[in-house]
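Asker: For reference, this is my_file21.pdb, and it has PDB, C-alpha atoms.
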```pdb
ATOM      1  CA  MET A  11     120.577 122.503  90.796
ATOM      2  CA  GLU A  12     121.217 120.701  87.561
ATOM      3  CA  GLY A  13     120.874 122.719  84.386
ATOM      4  CA  LEU A  14     120.701 126.039  86.198
ATOM      5  CA  GLN A  15     123.436 128.607  85.891
ATOM      6  CA  ARG A  16     124.718 130.901  88.590
ATOM      7  CA  TYR A  17     124.910 134.541  87.650
ATOM      8  CA  PRO A  18     127.240 136.985  89.392
ATOM      9  CA  ALA A  19     125.869 139.610  91.724
ATOM     10  CA  GLY A  20     126.740 143.290  91.763
ATOM     11  CA  SER A  21     124.139 144.952  89.607
ATOM     12  CA  GLY A  22     123.310 148.577  90.201
ATOM     13  CA  GLU A  23     120.336 150.829  89.670
ATOM     14  CA  ARG A  24     117.854 150.369  86.811
ATOM     15  CA  GLY A  25     119.756 147.640  85.003
ATOM     16  CA  ILE A  26     123.206 149.239  84.832
ATOM     17  CA  SER A  27     126.050 147.700  86.757
ATOM     18  CA  TYR A  28     128.849 149.681  88.264
ATOM     19  CA  PRO A  29     131.677 150.713  85.929
ATOM     20  CA  GLN A  30     134.382 148.127  85.461
ATOM     21  CA  ASP A  31     137.803 148.363  83.857
ATOM     22  CA  ARG A  32     138.250 146.182  80.788
ATOM     23  CA  THR A  33     141.057 145.858  78.292
ATOM     24  CA  ILE A  34     139.913 147.038  74.870
ATOM     25  CA  ALA A  35     141.484 146.888  71.416
ATOM     26  CA  GLY A  36     145.039 148.176  71.457
ATOM     27  CA  GLY A  37     145.627 147.054  75.041
ATOM     28  CA  SER A  38     144.289 150.136  76.825
ATOM     29  CA  ARG A  39     141.907 149.805  79.770
ATOM     30  CA  ARG A  40     138.717 151.841  79.924
ATOM     31  CA  PRO A  41     135.681 151.742  82.174
ATOM     32  CA  TYR A  42     132.403 150.641  80.663
ATOM     33  CA  LEU A  43     128.851 150.008  81.810
ATOM     34  CA  VAL A  44     127.178 146.615  81.577
ATOM     35  CA  ILE A  45     123.436 146.539  80.994
ATOM     36  CA  VAL A  46     121.808 144.090  83.424
ATOM     37  CA  SER A  47     118.264 142.911  82.764
ATOM     38  CA  PRO A  48     115.559 143.298  85.421
ATOM     39  CA  ALA A  49     115.308 139.528  85.950
ATOM     40  CA  HIS A  50     119.070 139.124  86.386
ATOM     41  CA  ARG A  51     119.199 142.165  88.683
ATOM     42  CA  PHE A  52     116.383 140.717  90.835
ATOM     43  CA  TYR A  53     117.749 137.166  91.133
ATOM     44  CA  SER A  54     121.321 138.356  91.603
ATOM     45  CA  ALA A  55     120.108 140.414  94.576
ATOM     46  CA  LEU A  56     118.281 137.347  95.924
ATOM     47  CA  GLN A  57     121.483 135.298  95.636
ATOM     48  CA  GLN A  58     123.236 137.984  97.693
ATOM     49  CA  HIS A  59     120.409 138.073 100.300
ATOM     50  CA  ASP A  60     119.976 141.776  99.464
ATOM     51  CA  TRP A  61     116.295 142.497 100.098
ATOM     52  CA  ARG A  62     116.810 146.237  99.594
ATOM     53  CA  ALA A  63     118.110 145.711  96.051
ATOM     54  CA  MET A  64     115.288 143.233  95.370
ATOM     55  CA  ASN A  65     112.687 145.681  96.635
ATOM     56  CA  ALA A  66     114.101 148.386  94.360
ATOM     57  CA  CYS A  67     113.235 146.088  91.418
ATOM     58  CA  TYR A  68     109.493 146.397  92.084
ATOM     59  CA  HIS A  69     107.171 148.941  90.508
ATOM     60  CA  PRO A  70     105.194 151.093  93.008
ATOM     61  CA  GLU A  71     102.003 149.315  91.852
ATOM     62  CA  ALA A  72     103.529 145.812  92.011
ATOM     63  CA  ARG A  73     101.481 142.688  92.658
ATOM     64  CA  PHE A  74     102.882 139.308  93.722
ATOM     65  CA  HIS A  75     101.470 135.796  94.008
ATOM     66  CA  ASP A  76     102.845 132.458  95.085
ATOM     67  CA  PRO A  77     101.270 129.256  96.441
ATOM     68  CA  VAL A  78     102.336 129.912 100.054
ATOM     69  CA  PHE A  79     101.939 133.675 100.617
ATOM     70  CA  GLY A  80      99.070 134.089  98.178
ATOM     71  CA  HIS A  81      98.391 137.560  96.747
ATOM     72  CA  LEU A  82     100.456 140.500  97.997
ATOM     73  CA  ASP A  83     100.576 144.164  97.038
ATOM     74  CA  ALA A  84     103.819 146.139  96.603
ATOM     75  CA  ASP A  85     104.232 146.805 100.332
ATOM     76  CA  GLY A  86     103.436 143.184 101.129
ATOM     77  CA  VAL A  87     105.991 141.718  98.731
ATOM     78  CA  ARG A  88     108.663 144.120  99.965
ATOM     79  CA  ALA A  89     107.938 143.122 103.578
ATOM     80  CA  MET A  90     107.993 139.448 102.543
ATOM     81  CA  TRP A  91     111.515 139.632 101.088
ATOM     82  CA  GLN A  92     112.802 141.590 104.079
ATOM     83  CA  LEU A  93     111.247 139.044 106.439
ATOM     84  CA  LEU A  94     112.550 136.000 104.563
ATOM     85  CA  LEU A  95     116.052 137.286 103.930
ATOM     86  CA  SER A  96     116.594 138.772 107.371
ATOM     87  CA  ARG A  97     115.586 135.481 109.061
ATOM     88  CA  GLY A  98     117.156 132.986 106.689
ATOM     89  CA  THR A  99     120.917 132.977 106.416
ATOM     90  CA  ASP A 100     121.712 129.863 104.399
ATOM     91  CA  LEU A 101     119.770 130.507 101.172
ATOM     92  CA  GLN A 102     121.443 129.184  98.046
ATOM     93  CA  LEU A 103     119.833 130.055  94.729
ATOM     94  CA  ALA A 104     120.395 129.002  91.147
ATOM     95  CA  TYR A 105     118.334 130.437  88.305
ATOM     96  CA  GLU A 106     117.978 130.449  84.562
ATOM     97  CA  VAL A 107     116.186 133.091  82.528
ATOM     98  CA  GLU A 108     114.115 131.153  79.989
ATOM     99  CA  ARG A 109     113.075 134.252  78.082
ATOM    100  CA  GLU A 110     113.012 137.973  78.650
ATOM    101  CA  GLY A 111     111.945 141.098  76.832
ATOM    102  CA  GLU A 112     110.887 144.657  77.561
ATOM    103  CA  GLU A 113     107.458 143.505  78.741
ATOM    104  CA  GLY A 114     108.402 140.556  80.922
ATOM    105  CA  ALA A 115     110.457 137.510  81.769
ATOM    106  CA  VAL A 116     110.126 133.820  82.583
ATOM    107  CA  VAL A 117     112.647 132.446  85.073
ATOM    108  CA  HIS A 118     113.215 128.951  86.461
ATOM    109  CA  TRP A 119     114.891 128.842  89.831
ATOM    110  CA  GLU A 120     115.855 126.495  92.633
ATOM    111  CA  ALA A 121     116.276 127.640  96.222
ATOM    112  CA  ARG A 122     117.885 125.614  99.008
ATOM    113  CA  TYR A 123     117.448 126.865 102.557
ATOM    114  CA  THR A 124     116.501 126.006 106.111
ATOM    115  CA  PHE A 125     112.913 126.820 107.028
ATOM    116  CA  THR A 126     113.592 128.749 110.236
ATOM    117  CA  ARG A 127     110.370 127.859 112.061
ATOM    118  CA  THR A 128     111.062 124.094 111.941
ATOM    119  CA  GLY A 129     114.785 123.889 111.134
ATOM    120  CA  ARG A 130     113.947 121.627 108.183
ATOM    121  CA  GLN A 131     115.828 121.722 104.858
ATOM    122  CA  VAL A 132     113.847 122.819 101.793
ATOM    123  CA  VAL A 133     114.659 122.501  98.091
ATOM    124  CA  ASN A 134     112.105 124.554  96.209
ATOM    125  CA  LYS A 135     111.982 124.411  92.403
ATOM    126  CA  ALA A 136     109.854 127.128  90.863
ATOM    127  CA  ARG A 137     108.905 129.033  87.747
ATOM    128  CA  THR A 138     108.394 132.791  87.837
ATOM    129  CA  VAL A 139     106.511 134.865  85.294
ATOM    130  CA  MET A 140     107.235 138.594  85.558
ATOM    131  CA  THR A 141     105.441 141.432  83.831
ATOM    132  CA  LEU A 142     107.532 144.590  83.597
ATOM    133  CA  ARG A 143     106.700 148.271  83.386
ATOM    134  CA  ASP A 144     109.401 150.930  83.089
ATOM    135  CA  GLY A 145     112.042 148.239  83.677
ATOM    136  CA  LEU A 146     110.497 147.286  87.047
ATOM    137  CA  VAL A 147     108.493 144.241  88.133
ATOM    138  CA  LEU A 148     104.789 145.073  87.938
ATOM    139  CA  HIS A 149     103.396 141.537  88.362
ATOM    140  CA  GLN A 150     105.220 138.469  89.635
ATOM    141  CA  ASP A 151     103.651 135.029  89.733
ATOM    142  CA  ASP A 152     105.745 132.259  91.291
ATOM    143  CA  ALA A 153     104.551 128.687  90.714
ATOM    144  CA  PHE A 154     105.770 125.627  92.584
ATOM    145  CA  ASP A 155     104.429 122.451  94.178
ATOM    146  CA  ARG A 156     102.839 123.731  97.384
ATOM    147  CA  TRP A 157     102.320 120.279  98.876
ATOM    148  CA  ARG A 158     105.967 119.337  98.208
ATOM    149  CA  TRP A 159     107.049 122.582  99.891
ATOM    150  CA  ALA A 160     104.784 121.858 102.898
ATOM    151  CA  ARG A 161     106.184 118.315 103.293
ATOM    152  CA  GLN A 162     109.741 119.641 103.328
ATOM    153  CA  ALA A 163     109.230 122.800 105.398
ATOM    154  CA  LEU A 164     106.656 121.527 107.899
ATOM    155  CA  GLY A 165     107.318 117.780 108.020
ATOM    156  CA  MET A 166     104.516 115.422 109.018
ATOM    157  CA  PRO A 167     101.797 118.123 109.327
ATOM    158  CA  GLY A 168     102.631 119.292 105.797
ATOM    159  CA  LEU A 169     102.600 115.732 104.505
ATOM    160  CA  LEU A 170      99.248 114.890 106.088
ATOM    161  CA  LEU A 171      97.457 118.233 105.679
ATOM    162  CA  GLY A 172      99.252 119.994 102.803
ATOM    163  CA  TRP A 173      96.338 119.248 100.465
ATOM    164  CA  SER A 174      93.746 120.872 102.762
ATOM    165  CA  PRO A 175      92.383 124.399 102.113
ATOM    166  CA  ALA A 176      91.853 124.809 105.886
ATOM    167  CA  PHE A 177      95.548 124.033 106.461
ATOM    168  CA  TRP A 178      96.581 126.708 103.948
ATOM    169  CA  ARG A 179      94.228 129.291 105.464
ATOM    170  CA  LYS A 180      95.983 128.734 108.792
ATOM    171  CA  VAL A 181      99.476 128.889 107.234
ATOM    172  CA  ARG A 182      98.626 132.071 105.319
ATOM    173  CA  GLY A 183      97.120 133.616 108.448
ATOM    174  CA  GLN A 184     100.372 132.991 110.321
ATOM    175  CA  LEU A 185     102.416 134.402 107.432
ATOM    176  CA  ARG A 186     100.214 137.500 107.168
ATOM    177  CA  GLY A 187     100.688 138.058 110.893
ATOM    178  CA  ALA A 188     104.465 137.866 110.452
ATOM    179  CA  LEU A 189     104.279 140.300 107.520
ATOM    180  CA  ASP A 190     102.159 142.720 109.547
ATOM    181  CA  ARG A 191     104.683 142.607 112.398
ATOM    182  CA  GLN A 192     107.504 143.148 109.872
ATOM    183  CA  ARG A 193     105.753 146.202 108.403
ATOM    184  CA  LYS A 194     105.152 147.731 111.842
ATOM    185  CA  GLY A 195     108.825 147.239 112.705
ATOM    186  CA  GLN A 196     109.932 149.233 109.661
TER
END
```
Will you turn the file into structure tokens for me?
Answerer:
Amino acid sequence: MEGLQRYPAGSGERGISYPQDRTIAGGSRRPYLVIVSPAHRFYSALQQHDWRAMNACYHPEARFHDPVFGHLDADGVRAMWQLLLSRGTDLQLAYEVEREGEEGAVVHWEARYTFTRTGRQVVNKARTVMTLRDGLVLHQDDAFDRWRWARQALGMPGLLLGWSPAFWRKVRGQLRGALDRQRKGQ
């Protein structure tokens, strides 16, 4: 996790954290609000394993893509985070916002966790590009080395077959099935 900073959790709705007491000029203490950017709000929630707060960061018309899950709509990405964070308990995340503005953000992050299906340790280094609308994530594209992820998460099958389109169709089919079951359970 070299070069990545940890940011504190605790952001609230729409980029405003909860009031905090701070000492101001003259020694008096007054509450104030801290503006928290959408990217920081999202990744802070991920650090806290708070899929509800993460899901609140998405626009109703959100679209998501990554090398493992592929393309997901707003309901799909919300189900994905609930599935991943309710199963995995040892996620550690470090992130750094490379740049951010009203229209989007670029974030580098590193996640360390146990892949629950195999019990194998994964260190996933990724780059996220977010497009924002109304302060919410409209499009999110996560990029990382899919074959490296497969080798870590799946072991020998990932090492031998992680390059194969047929392998990824099977993996995505299994993931889509898990997402469908997650949605039905909601």
Asker: Have a look at CA of Leu189 in chain A and CA of Arg137 in chain A and let me know their distance in Å, one decimal.
Answerer: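 Taking CA of Leu189 in chain A and CA of Arg137 in chain A, their separation equals 23.2 Å.
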Asker: Applied to this file, what does the PyMOL selection byres ((chain A and resi 103) around 7) return in terms of residues, put as number ranges by chain?
Answerer: A: 57, 101-102, 104-105, 120-122
Asker: Run through the PyMOL selection byres ((chain A and resi 93) around 10) on the given coordinates and return the selected residues as a ChimeraX atom specification.
Answerer: /A:61,87-92,94-98,188-189,191-193
Asker: Between CA of Ser47 in chain A and CA of Thr124 in chain A, what is the spacing in Å?
Answerer: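 A separation of 28.9 Å between them.
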Asker: One decimal, in Å: what's the spacing between CA of Glu108 in chain A and CA of Phe125 in chain A?
Answerer: 27.4 Å
Asker: Contacts of Val78 in chain A at 10 Å or less, counting all atoms listed in the file, minus same-chain residues fewer than 3 places along, as a PyMOL selection string?
Answerer: chain A and resi 75+81+152-157+159-160+178-179+181-182+185
Asker: Which residue out of A:Gly80, A:Arg186, A:Thr99, A:Val147 has the minimum interatomic distance to Met64 in chain A when only C-alpha atoms are used?
Answerer: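 Closest candidate: A:Val147.
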